[in-house]
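K.L.:
Below you will find the structure I want to go over with you.
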Amino acid sequence: MIRKLPLLNKDNATFWQQGAFNNLMIHHCASCQQYFHPPAPVCFHCLSEDVMPKKTSGKGTVASFTINHQKWQPDLEVPYIVAIIELTDQKGLRFVSNIVEINPDEVFIGMPVSVIFEEIDDIWLPLFKKEA
Amino acid sequence: MFNKKNAAKSVAITGVGQSEVGRPSAKTAMQLTIDACKQALNDAGLSRDDIDGIACWPGDNNNGDAFSPVGPSALISALGLKVNWYGGGYEGPGPLAGIINGAMAIDSGLCKHVLVFRTITEASKRQTDKTSSALTNKTVGRDSSFSWQWYTPFNVLSGINLMAMYAQRHFHEFGTTSEQLGQIPVTCRNNAQLNPNAVFNNKPMTLDDYLASRYISTPLRLLDCDVHCDASTVIILSRADIAKDMPNKPIHIESMGAALHQSWSWDQINLTGMATIDAANMMWQGTDLKPSDVGTAQLYDGFSILTLIWMESLGFCSLGEGGAFIEGGQRIARDGIIPINTNGGQLSAGRTHGLGYVHEACTQLWGRAGARQVKDHQVSIAAAGGGPLAGCLLLSRDI
Ligand SMILES: [Zn+2]
């Protein structure tokens with residue numbers, strides 16, 4: 001699957017690269033003990049700058065999903081599943097990813113998932129599969 | 001708490017204009033814009049020299065992109081305007097941000113008459129490049145944008161992927177069905193049959209046609225998506241004390257909604273309320289009027305699910321009950337409790353992207369809508385946006 005990759009910087013690099021060590025890292029605040037995403041040098045909950053990436057469980061549930069059927073680009077392989085994953089580590093801690101290794105018809109909201117990483121160049125994309 | 005004496009009340013809409021709506025148009029983006037400007041100036045009884053402000057959303061991005069090929073700078077130059085203030089830019093509360101900014105410029109005393117415009121030429125662009133609107137084209141090389149870098153690596157290549165997930169969640173939480181949601185495109189298409197300028201005039205469509213249309217991104221289908229066009233729309237805002245002596249009955253901006261009280265995010269906001277819920281709440285806090293006072297609601301339909309969420313957020317029905325409310329389509333038809341998108345909306349009249357809703361609200365309030373005119377009314381709503389983008393206007397015509 002062709003993918004556009006993100007431009008790395010000091011804030012986002014751990015999210016995009018720590019998959020090399022099988023870690024899903026999300027920024028965490030030492031002051032209020034909450035995760036926040038996207039990564040930034042300040043915690044949007046409490047404005048503390050005592051923040052750093054912290055390993056999560058890599059487990060979550062499907063908050064919503066869609067099966068994309070449209071070939072937006074000629075070399076795009078369809079269908080594929082886009083989903084909003086809510087990590088079990090904290091309520092409301094959500095981001096978009098893909099669900100892979102499943103028949104699209106079998107995906108449902110609330111489905112438990114766990115992270116796997118797809119390596120492309122210097123990026124380890126966090127994708128999700130149905131939890132066994 | 002929000003102050004009821006907000007900037008909106010000192011501002012009125014005094015004229016509107018719209019170019020041809022082509023799919024595509026043979027005219028250039030600037031020609032479409034000039035056509036709409038001249039029509040609006042004539043409608044308001046103003047000359048070029050009366051205009052002392054220009055507002056636009058999003059305006060030019062220094063690249064002439066078909067999404068917004070003409071910005072304030074180009075228009076000031078073309079019309080030889082002398083302005084006290086002008087502004088554009090994507091980062092605002094959705095496609096009505098030009099109106100909201102223009103109203104603030106008048107209320108602050110910077111301007112007397114602000115020309116607000118929006119030009120789009122996506123239909124022409126698609127003749128040569130069908131992938132032109134892909135989100136991956138917003139940046140060259142690796143994705144460096146604040147927002148899209150979190151979506152494009154997962155092949156979220158169109159906003160529909162995000163809107164489809166709002167729809168899926170709405171279906172899941174509230175039992176909303178495709179048969180219910182389909183009433184929005186069907187209602188818009190019905191209305192477009194009475195609008196000779198609509199892209200899909202003379203192209204009727206049934207609920208069965210809708211249900212047979214192919215999926216783009218489940219549960220949304222081709223007929224849940226608006227139709228690209230080439231067009232320009234202009235709204236003239238005037239200081240209320242001047243407006244009362246102008247040719248048209250002033251349409252006062254009774255209240256505006258522009259709030260965002262959640263993350264600027266497509267996935268961490270309320271998935272079934274989005275920012276629309278914040279904007280709508282703010283708008284109602286600024287007025288004593290109620291949803292039952294509203295004669296027509298011109299609600300963003302870039303994708304049909306957004307119209308449904310706007311209806312709920314604005315209080316035409318309870319949160320989560322939009323599907324049941326629109327079932328059968330009678331309540332939102334031109335003779336229903338709350339007629340929506342009476343010109344056909346972006347789904348069937350064309351993706352004029354924002355100001356088309358204000359244009360149609362005014363057209364109806366002034367009784368100029370011809371065959372599609374609804375019963376006489378004084379109050380209307382125009383609302384636009386989806387995800388973290390949302391802005392809405394409560395409009396009230398003098399008797
Ligand atoms: Zn904190």
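Here's how to read the names in the structure tokens: chain A, B, ... by the order shown, residue numbers from 1 in each chain, ligand numbers from 1 in the order shown.
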Enumerate as a list in words the residues belonging to chain B that approach chain A to within 7 Å, with only C-alpha atoms taken into account.
P.N.:
Thr131, Ala134, Thr136, Arg142, Asp143, Ser144, Gln149, Tyr151, Thr152, Pro153, Phe154, Asn155, Leu157, Asn161, Ala164, Met165, Gln168, Arg169, Tyr215, Ile216, Ser217, Thr218, Asp267 and Gln268 of chain B
K.L.:
Those same residues, written as a short mmCIF file (atom, residue, chain, number, x, y, z; two decimals), in the first residue's frame with N, CA, C and O atoms?
P.N.:
```cif
data_model
loop_
_atom_site.label_atom_id
_atom_site.label_comp_id
_atom_site.auth_asym_id
_atom_site.auth_seq_id
_atom_site.Cartn_x
_atom_site.Cartn_y
_atom_site.Cartn_z
N THR B 131 -7.56 13.85 -8.96
CA THR B 131 -7.00 13.65 -7.62
C THR B 131 -6.63 14.97 -6.94
O THR B 131 -6.03 14.99 -5.89
N ALA B 134 -7.19 15.60 -3.14
CA ALA B 134 -6.70 14.65 -2.13
C ALA B 134 -5.92 15.38 -1.04
O ALA B 134 -5.16 16.31 -1.31
N THR B 136 -3.48 14.53 0.56
CA THR B 136 -2.02 14.39 0.42
C THR B 136 -1.42 15.49 -0.45
O THR B 136 -0.21 15.70 -0.44
N ARG B 142 7.02 14.94 2.34
CA ARG B 142 6.46 14.41 3.59
C ARG B 142 5.45 15.39 4.19
O ARG B 142 5.56 16.60 4.02
N ASP B 143 4.47 14.85 4.91
CA ASP B 143 3.40 15.69 5.44
C ASP B 143 3.89 16.43 6.68
O ASP B 143 4.19 15.83 7.71
N SER B 144 3.95 17.75 6.57
CA SER B 144 4.45 18.59 7.66
C SER B 144 3.35 19.40 8.31
O SER B 144 3.62 20.24 9.16
N GLN B 149 -0.85 15.46 9.06
CA GLN B 149 0.18 14.41 9.22
C GLN B 149 -0.33 13.24 10.05
O GLN B 149 0.23 12.14 9.99
N TYR B 151 -3.26 11.94 9.68
CA TYR B 151 -4.31 11.27 8.91
C TYR B 151 -3.80 10.70 7.58
O TYR B 151 -4.12 9.58 7.22
N THR B 152 -3.00 11.49 6.86
CA THR B 152 -2.59 11.03 5.52
C THR B 152 -1.76 9.74 5.56
O THR B 152 -1.89 8.93 4.63
N PRO B 153 -0.92 9.48 6.58
CA PRO B 153 -0.18 8.21 6.56
C PRO B 153 -1.11 6.98 6.61
O PRO B 153 -0.69 5.88 6.23
N PHE B 154 -2.34 7.19 7.06
CA PHE B 154 -3.29 6.08 7.14
C PHE B 154 -4.28 6.12 5.96
O PHE B 154 -5.35 5.53 6.03
N ASN B 155 -3.86 6.85 4.93
CA ASN B 155 -4.66 6.96 3.70
C ASN B 155 -6.07 7.51 3.94
O ASN B 155 -7.03 7.09 3.31
N LEU B 157 -7.59 10.15 2.65
CA LEU B 157 -7.23 10.98 1.50
C LEU B 157 -8.31 11.99 1.17
O LEU B 157 -8.11 12.88 0.35
N ASN B 161 -13.67 10.32 4.64
CA ASN B 161 -13.31 9.23 5.54
C ASN B 161 -13.61 9.61 6.99
O ASN B 161 -14.04 8.77 7.80
N ALA B 164 -17.50 9.98 7.39
CA ALA B 164 -18.10 8.64 7.39
C ALA B 164 -18.00 8.02 8.77
O ALA B 164 -18.90 7.30 9.21
N MET B 165 -16.91 8.32 9.49
CA MET B 165 -16.77 7.75 10.85
C MET B 165 -17.72 8.45 11.82
O MET B 165 -18.19 7.82 12.77
N GLN B 168 -20.96 6.65 10.96
CA GLN B 168 -20.97 5.27 11.49
C GLN B 168 -21.26 5.29 13.00
O GLN B 168 -22.01 4.46 13.52
N ARG B 169 -20.65 6.23 13.68
CA ARG B 169 -20.86 6.36 15.13
C ARG B 169 -22.31 6.78 15.43
O ARG B 169 -22.92 6.28 16.39
N TYR B 215 -20.97 2.94 -2.58
CA TYR B 215 -20.28 3.43 -1.41
C TYR B 215 -18.97 4.11 -1.81
O TYR B 215 -18.21 3.58 -2.62
N ILE B 216 -18.74 5.27 -1.20
CA ILE B 216 -17.42 5.90 -1.29
C ILE B 216 -16.62 5.51 -0.05
O ILE B 216 -15.47 5.07 -0.13
N SER B 217 -17.25 5.70 1.11
CA SER B 217 -16.61 5.37 2.38
C SER B 217 -17.76 5.05 3.33
O SER B 217 -18.53 5.95 3.68
N THR B 218 -17.93 3.79 3.67
CA THR B 218 -19.14 3.36 4.39
C THR B 218 -19.34 4.14 5.69
O THR B 218 -18.36 4.43 6.37
N ASP B 267 -10.61 13.79 15.37
CA ASP B 267 -10.93 12.50 16.02
C ASP B 267 -11.07 12.59 17.53
O ASP B 267 -11.53 11.64 18.15
N GLN B 268 -10.65 13.70 18.14
CA GLN B 268 -10.80 13.81 19.60
C GLN B 268 -11.98 14.68 20.01
O GLN B 268 -12.23 14.88 21.19
#
```
K.L.:
Output as a PyMOL selection string all residues of stretch 270-318 of chain B that backbone DSSP marks as strand (DSSP E or B).
P.N.:
chain B and resi 296-299+303
K.L.:
Assign secondary structure with DSSP using the backbone only, and return the residues of stretch 146-327 of chain B in alpha helix (DSSP H) as a PyMOL selection string.
P.N.:
chain B and resi 159-174+178-181+183-192+207-212+240-243+276-285+304-313+322-326
K.L.:
Enumerate as JSON, numbers by chain the residues within 7 Å of ligand 1, counting only C-alpha atoms and all ligand atoms.
P.N.:
{"A": [29, 30, 31, 32, 33, 34, 43, 44, 45, 46, 47, 48]}
K.L.:
Next, write the just-selected residues to a file, as an mmCIF file, in the first residue's frame, keeping all heavy atoms as the atom set.
P.N.:
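Output saved as part-v1.cif:
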```cif
data_model
loop_
_atom_site.group_PDB
_atom_site.id
_atom_site.type_symbol
_atom_site.label_atom_id
_atom_site.label_comp_id
_atom_site.auth_asym_id
_atom_site.auth_seq_id
_atom_site.Cartn_x
_atom_site.Cartn_y
_atom_site.Cartn_z
ATOM 1 N N CYS A 29 2.069 13.577 30.696
ATOM 2 C CA CYS A 29 2.402 14.712 31.553
ATOM 3 C C CYS A 29 2.706 14.209 32.971
ATOM 4 O O CYS A 29 1.868 13.552 33.590
ATOM 5 C CB CYS A 29 1.222 15.675 31.573
ATOM 6 S SG CYS A 29 1.407 17.011 32.740
ATOM 7 N N ALA A 30 3.899 14.527 33.461
ATOM 8 C CA ALA A 30 4.281 14.089 34.803
ATOM 9 C C ALA A 30 3.520 14.865 35.879
ATOM 10 O O ALA A 30 3.358 14.401 37.000
ATOM 11 C CB ALA A 30 5.785 14.287 34.999
ATOM 12 N N SER A 31 3.041 16.032 35.512
ATOM 13 C CA SER A 31 2.357 16.880 36.484
ATOM 14 C C SER A 31 0.928 16.392 36.750
ATOM 15 O O SER A 31 0.535 16.199 37.897
ATOM 16 C CB SER A 31 2.349 18.320 35.971
ATOM 17 O OG SER A 31 1.693 19.149 36.888
ATOM 18 N N CYS A 32 0.151 16.177 35.707
ATOM 19 C CA CYS A 32 -1.253 15.763 35.917
ATOM 20 C C CYS A 32 -1.468 14.287 35.605
ATOM 21 O O CYS A 32 -2.582 13.782 35.730
ATOM 22 C CB CYS A 32 -2.210 16.636 35.119
ATOM 23 S SG CYS A 32 -2.221 16.357 33.338
ATOM 24 N N GLN A 33 -0.406 13.595 35.207
ATOM 25 C CA GLN A 33 -0.471 12.146 34.999
ATOM 26 C C GLN A 33 -1.449 11.748 33.902
ATOM 27 O O GLN A 33 -2.070 10.681 33.962
ATOM 28 C CB GLN A 33 -0.834 11.420 36.305
ATOM 29 C CG GLN A 33 0.250 11.506 37.378
ATOM 30 C CD GLN A 33 1.536 10.764 36.951
ATOM 31 O OE1 GLN A 33 1.464 9.641 36.470
ATOM 32 N NE2 GLN A 33 2.673 11.412 37.100
ATOM 33 N N GLN A 34 -1.605 12.615 32.894
ATOM 34 C CA GLN A 34 -2.485 12.266 31.782
ATOM 35 C C GLN A 34 -1.695 12.230 30.481
ATOM 36 O O GLN A 34 -0.746 12.983 30.290
ATOM 37 C CB GLN A 34 -3.620 13.289 31.645
ATOM 38 C CG GLN A 34 -4.587 13.304 32.810
ATOM 39 C CD GLN A 34 -5.713 14.300 32.560
ATOM 40 O OE1 GLN A 34 -6.683 13.982 31.879
ATOM 41 N NE2 GLN A 34 -5.570 15.498 33.093
ATOM 42 N N CYS A 43 1.562 20.218 27.984
ATOM 43 C CA CYS A 43 0.369 19.393 28.207
ATOM 44 C C CYS A 43 -0.875 20.263 28.084
ATOM 45 O O CYS A 43 -1.005 21.249 28.811
ATOM 46 C CB CYS A 43 0.441 18.781 29.607
ATOM 47 S SG CYS A 43 -1.135 18.106 30.187
ATOM 48 N N PHE A 44 -1.803 19.894 27.169
ATOM 49 C CA PHE A 44 -2.977 20.760 26.990
ATOM 50 C C PHE A 44 -3.982 20.628 28.126
ATOM 51 O O PHE A 44 -4.878 21.451 28.255
ATOM 52 C CB PHE A 44 -3.628 20.607 25.612
ATOM 53 C CG PHE A 44 -4.327 19.288 25.318
ATOM 54 C CD1 PHE A 44 -5.422 18.853 26.030
ATOM 55 C CD2 PHE A 44 -3.880 18.501 24.254
ATOM 56 C CE1 PHE A 44 -6.077 17.662 25.728
ATOM 57 C CE2 PHE A 44 -4.516 17.307 23.938
ATOM 58 C CZ PHE A 44 -5.614 16.877 24.686
ATOM 59 N N HIS A 45 -3.789 19.621 28.994
ATOM 60 C CA HIS A 45 -4.681 19.524 30.160
ATOM 61 C C HIS A 45 -4.312 20.574 31.204
ATOM 62 O O HIS A 45 -5.178 21.238 31.754
ATOM 63 C CB HIS A 45 -4.586 18.135 30.796
ATOM 64 C CG HIS A 45 -4.951 17.012 29.866
ATOM 65 N ND1 HIS A 45 -6.223 16.806 29.401
ATOM 66 C CD2 HIS A 45 -4.193 16.012 29.328
ATOM 67 C CE1 HIS A 45 -6.247 15.745 28.615
ATOM 68 N NE2 HIS A 45 -5.023 15.237 28.550
ATOM 69 N N CYS A 46 -3.015 20.694 31.528
ATOM 70 C CA CYS A 46 -2.608 21.521 32.681
ATOM 71 C C CYS A 46 -1.511 22.533 32.370
ATOM 72 O O CYS A 46 -1.095 23.288 33.245
ATOM 73 C CB CYS A 46 -2.183 20.620 33.836
ATOM 74 S SG CYS A 46 -0.541 19.889 33.601
ATOM 75 N N LEU A 47 -1.031 22.567 31.149
ATOM 76 C CA LEU A 47 0.004 23.498 30.679
ATOM 77 C C LEU A 47 1.385 23.240 31.272
ATOM 78 O O LEU A 47 2.298 24.047 31.113
ATOM 79 C CB LEU A 47 -0.408 24.965 30.886
ATOM 80 C CG LEU A 47 -1.655 25.425 30.128
ATOM 81 C CD1 LEU A 47 -1.787 26.953 30.202
ATOM 82 C CD2 LEU A 47 -1.632 24.994 28.671
ATOM 83 N N SER A 48 1.554 22.121 31.954
ATOM 84 C CA SER A 48 2.901 21.761 32.404
ATOM 85 C C SER A 48 3.779 21.421 31.196
ATOM 86 O O SER A 48 3.302 20.876 30.199
ATOM 87 C CB SER A 48 2.821 20.546 33.327
ATOM 88 O OG SER A 48 4.135 20.035 33.540
#
```
K.L.:
Please identify all polymer residues within 10 Å of A:Val113, counting only C-alpha atoms, omitting same-chain residues fewer than 5 positions from it, and present them as a PDB file with all heavy atoms, in the first residue's frame.
P.N.:
```pdb
ATOM      1  N   GLY A  58      -0.732  -0.242  24.023  1.00  0.00           N
ATOM      2  CA  GLY A  58      -0.896  -0.626  22.613  1.00  0.00           C
ATOM      3  C   GLY A  58      -2.241  -1.293  22.353  1.00  0.00           C
ATOM      4  O   GLY A  58      -2.475  -1.807  21.265  1.00  0.00           O
ATOM      5  N   LYS A  59      -3.106  -1.260  23.348  1.00  0.00           N
ATOM      6  CA  LYS A  59      -4.436  -1.881  23.185  1.00  0.00           C
ATOM      7  C   LYS A  59      -5.512  -0.798  23.195  1.00  0.00           C
ATOM      8  O   LYS A  59      -5.371   0.240  23.855  1.00  0.00           O
ATOM      9  CB  LYS A  59      -4.702  -2.863  24.323  1.00  0.00           C
ATOM     10  CG  LYS A  59      -3.740  -4.046  24.303  1.00  0.00           C
ATOM     11  CD  LYS A  59      -4.085  -5.033  25.398  1.00  0.00           C
ATOM     12  CE  LYS A  59      -3.016  -6.112  25.551  1.00  0.00           C
ATOM     13  NZ  LYS A  59      -2.742  -6.845  24.290  1.00  0.00           N
ATOM     14  N   GLY A  60      -6.567  -1.069  22.443  1.00  0.00           N
ATOM     15  CA  GLY A  60      -7.650  -0.091  22.373  1.00  0.00           C
ATOM     16  C   GLY A  60      -8.927  -0.727  21.870  1.00  0.00           C
ATOM     17  O   GLY A  60      -9.011  -1.957  21.726  1.00  0.00           O
ATOM     18  N   THR A  61      -9.914   0.143  21.617  1.00  0.00           N
ATOM     19  CA  THR A  61     -11.158  -0.321  20.996  1.00  0.00           C
ATOM     20  C   THR A  61     -11.465   0.578  19.808  1.00  0.00           C
ATOM     21  O   THR A  61     -10.977   1.703  19.723  1.00  0.00           O
ATOM     22  CB  THR A  61     -12.353  -0.279  21.970  1.00  0.00           C
ATOM     23  OG1 THR A  61     -12.466   1.051  22.473  1.00  0.00           O
ATOM     24  CG2 THR A  61     -12.166  -1.245  23.127  1.00  0.00           C
ATOM     25  N   VAL A  62     -12.308   0.064  18.907  1.00  0.00           N
ATOM     26  CA  VAL A  62     -12.707   0.834  17.732  1.00  0.00           C
ATOM     27  C   VAL A  62     -13.815   1.799  18.144  1.00  0.00           C
ATOM     28  O   VAL A  62     -14.910   1.367  18.510  1.00  0.00           O
ATOM     29  CB  VAL A  62     -13.198  -0.112  16.608  1.00  0.00           C
ATOM     30  CG1 VAL A  62     -13.723   0.690  15.429  1.00  0.00           C
ATOM     31  CG2 VAL A  62     -12.063  -1.035  16.179  1.00  0.00           C
ATOM     32  N   ILE A  85      -9.261   4.869  16.813  1.00  0.00           N
ATOM     33  CA  ILE A  85      -8.950   3.943  17.900  1.00  0.00           C
ATOM     34  C   ILE A  85      -8.939   4.728  19.208  1.00  0.00           C
ATOM     35  O   ILE A  85      -8.311   5.792  19.300  1.00  0.00           O
ATOM     36  CB  ILE A  85      -7.554   3.311  17.691  1.00  0.00           C
ATOM     37  CG1 ILE A  85      -7.443   2.664  16.310  1.00  0.00           C
ATOM     38  CG2 ILE A  85      -7.239   2.329  18.833  1.00  0.00           C
ATOM     39  CD1 ILE A  85      -8.398   1.529  16.063  1.00  0.00           C
ATOM     40  N   GLU A  86      -9.603   4.231  20.215  1.00  0.00           N
ATOM     41  CA  GLU A  86      -9.499   4.828  21.553  1.00  0.00           C
ATOM     42  C   GLU A  86      -8.664   3.880  22.403  1.00  0.00           C
ATOM     43  O   GLU A  86      -9.021   2.723  22.603  1.00  0.00           O
ATOM     44  CB  GLU A  86     -10.880   5.051  22.184  1.00  0.00           C
ATOM     45  CG  GLU A  86     -10.765   5.654  23.584  1.00  0.00           C
ATOM     46  CD  GLU A  86     -12.010   6.402  24.041  1.00  0.00           C
ATOM     47  OE1 GLU A  86     -12.657   7.067  23.201  1.00  0.00           O
ATOM     48  OE2 GLU A  86     -12.335   6.307  25.238  1.00  0.00           O
ATOM     49  N   LEU A  87      -7.521   4.355  22.870  1.00  0.00           N
ATOM     50  CA  LEU A  87      -6.634   3.502  23.659  1.00  0.00           C
ATOM     51  C   LEU A  87      -7.265   3.204  25.018  1.00  0.00           C
ATOM     52  O   LEU A  87      -7.917   4.057  25.620  1.00  0.00           O
ATOM     53  CB  LEU A  87      -5.269   4.176  23.842  1.00  0.00           C
ATOM     54  CG  LEU A  87      -4.444   4.347  22.560  1.00  0.00           C
ATOM     55  CD1 LEU A  87      -3.110   5.015  22.869  1.00  0.00           C
ATOM     56  CD2 LEU A  87      -4.220   3.007  21.856  1.00  0.00           C
ATOM     57  N   THR A  88      -7.042   1.992  25.489  1.00  0.00           N
ATOM     58  CA  THR A  88      -7.603   1.602  26.790  1.00  0.00           C
ATOM     59  C   THR A  88      -6.903   2.332  27.939  1.00  0.00           C
ATOM     60  O   THR A  88      -7.427   2.398  29.044  1.00  0.00           O
ATOM     61  CB  THR A  88      -7.460   0.082  27.017  1.00  0.00           C
ATOM     62  OG1 THR A  88      -6.103  -0.261  26.744  1.00  0.00           O
ATOM     63  CG2 THR A  88      -8.359  -0.703  26.094  1.00  0.00           C
ATOM     64  N   ILE A  99      -7.220  -0.577  10.395  1.00  0.00           N
ATOM     65  CA  ILE A  99      -7.335  -1.937  10.917  1.00  0.00           C
ATOM     66  C   ILE A  99      -6.964  -2.876   9.785  1.00  0.00           C
ATOM     67  O   ILE A  99      -7.457  -2.729   8.662  1.00  0.00           O
ATOM     68  CB  ILE A  99      -8.753  -2.205  11.434  1.00  0.00           C
ATOM     69  CG1 ILE A  99      -9.051  -1.218  12.561  1.00  0.00           C
ATOM     70  CG2 ILE A  99      -8.878  -3.644  11.930  1.00  0.00           C
ATOM     71  CD1 ILE A  99     -10.430  -1.324  13.111  1.00  0.00           C
ATOM     72  N   LEU A 127      -0.451   0.419  13.270  1.00  0.00           N
ATOM     73  CA  LEU A 127      -1.713  -0.086  12.730  1.00  0.00           C
ATOM     74  C   LEU A 127      -2.325  -1.011  13.773  1.00  0.00           C
ATOM     75  O   LEU A 127      -1.663  -1.374  14.749  1.00  0.00           O
ATOM     76  CB  LEU A 127      -1.466  -0.832  11.412  1.00  0.00           C
ATOM     77  CG  LEU A 127      -0.650  -0.068  10.364  1.00  0.00           C
ATOM     78  CD1 LEU A 127      -0.467  -0.924   9.100  1.00  0.00           C
ATOM     79  CD2 LEU A 127      -1.301   1.263  10.016  1.00  0.00           C
ATOM     80  N   PHE A 128      -3.555  -1.414  13.565  1.00  0.00           N
ATOM     81  CA  PHE A 128      -4.215  -2.230  14.590  1.00  0.00           C
ATOM     82  C   PHE A 128      -4.833  -3.464  13.969  1.00  0.00           C
ATOM     83  O   PHE A 128      -5.294  -3.454  12.826  1.00  0.00           O
ATOM     84  CB  PHE A 128      -5.280  -1.393  15.316  1.00  0.00           C
ATOM     85  CG  PHE A 128      -4.663  -0.371  16.231  1.00  0.00           C
ATOM     86  CD1 PHE A 128      -4.219   0.853  15.740  1.00  0.00           C
ATOM     87  CD2 PHE A 128      -4.479  -0.657  17.579  1.00  0.00           C
ATOM     88  CE1 PHE A 128      -3.614   1.784  16.577  1.00  0.00           C
ATOM     89  CE2 PHE A 128      -3.870   0.267  18.425  1.00  0.00           C
ATOM     90  CZ  PHE A 128      -3.442   1.493  17.919  1.00  0.00           C
ATOM     91  N   LYS A 129      -4.806  -4.548  14.756  1.00  0.00           N
ATOM     92  CA  LYS A 129      -5.505  -5.761  14.351  1.00  0.00           C
ATOM     93  C   LYS A 129      -6.419  -6.192  15.482  1.00  0.00           C
ATOM     94  O   LYS A 129      -6.222  -5.799  16.644  1.00  0.00           O
ATOM     95  CB  LYS A 129      -4.516  -6.865  13.980  1.00  0.00           C
ATOM     96  CG  LYS A 129      -3.644  -7.325  15.134  1.00  0.00           C
ATOM     97  CD  LYS A 129      -2.739  -8.452  14.642  1.00  0.00           C
ATOM     98  CE  LYS A 129      -1.677  -8.795  15.639  1.00  0.00           C
ATOM     99  NZ  LYS A 129      -1.824  -9.733  16.634  1.00  0.00           N
ATOM    100  N   LYS A 130      -7.412  -6.990  15.114  1.00  0.00           N
ATOM    101  CA  LYS A 130      -8.357  -7.482  16.114  1.00  0.00           C
ATOM    102  C   LYS A 130      -7.588  -8.248  17.168  1.00  0.00           C
ATOM    103  O   LYS A 130      -6.717  -9.069  16.844  1.00  0.00           O
ATOM    104  CB  LYS A 130      -9.386  -8.385  15.441  1.00  0.00           C
ATOM    105  CG  LYS A 130     -10.485  -8.833  16.381  1.00  0.00           C
ATOM    106  CD  LYS A 130     -11.552  -9.622  15.634  1.00  0.00           C
ATOM    107  CE  LYS A 130     -12.687  -9.970  16.584  1.00  0.00           C
ATOM    108  NZ  LYS A 130     -13.772 -10.681  15.883  1.00  0.00           N
ATOM    109  N   GLU A 131      -7.912  -8.010  18.421  1.00  0.00           N
ATOM    110  CA  GLU A 131      -7.189  -8.686  19.479  1.00  0.00           C
ATOM    111  C   GLU A 131      -7.613 -10.157  19.525  1.00  0.00           C
ATOM    112  O   GLU A 131      -8.803 -10.471  19.463  1.00  0.00           O
ATOM    113  CB  GLU A 131      -7.458  -8.020  20.826  1.00  0.00           C
ATOM    114  CG  GLU A 131      -6.541  -8.563  21.885  1.00  0.00           C
ATOM    115  CD  GLU A 131      -6.265  -7.573  22.998  1.00  0.00           C
ATOM    116  OE1 GLU A 131      -7.084  -6.697  23.255  1.00  0.00           O
ATOM    117  OE2 GLU A 131      -5.200  -7.727  23.608  1.00  0.00           O
ATOM    118  N   ALA A 132      -6.627 -11.020  19.634  1.00  0.00           N
ATOM    119  CA  ALA A 132      -6.893 -12.459  19.586  1.00  0.00           C
ATOM    120  C   ALA A 132      -7.681 -12.908  20.824  1.00  0.00           C
ATOM    121  O   ALA A 132      -7.520 -12.351  21.887  1.00  0.00           O
ATOM    122  CB  ALA A 132      -5.595 -13.227  19.487  1.00  0.00           C
TER     123      ALA A 132
END
```
K.L.:
Pick the closest to A:Asp11 from A:Asp122, A:Ile26, A:Tyr35, A:Pro104: which is it, counting only C-alpha atoms?
P.N.:
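Nearest candidate to A:Asp11 out of A:Asp122, A:Ile26, A:Tyr35, A:Pro104: A:Ile26.
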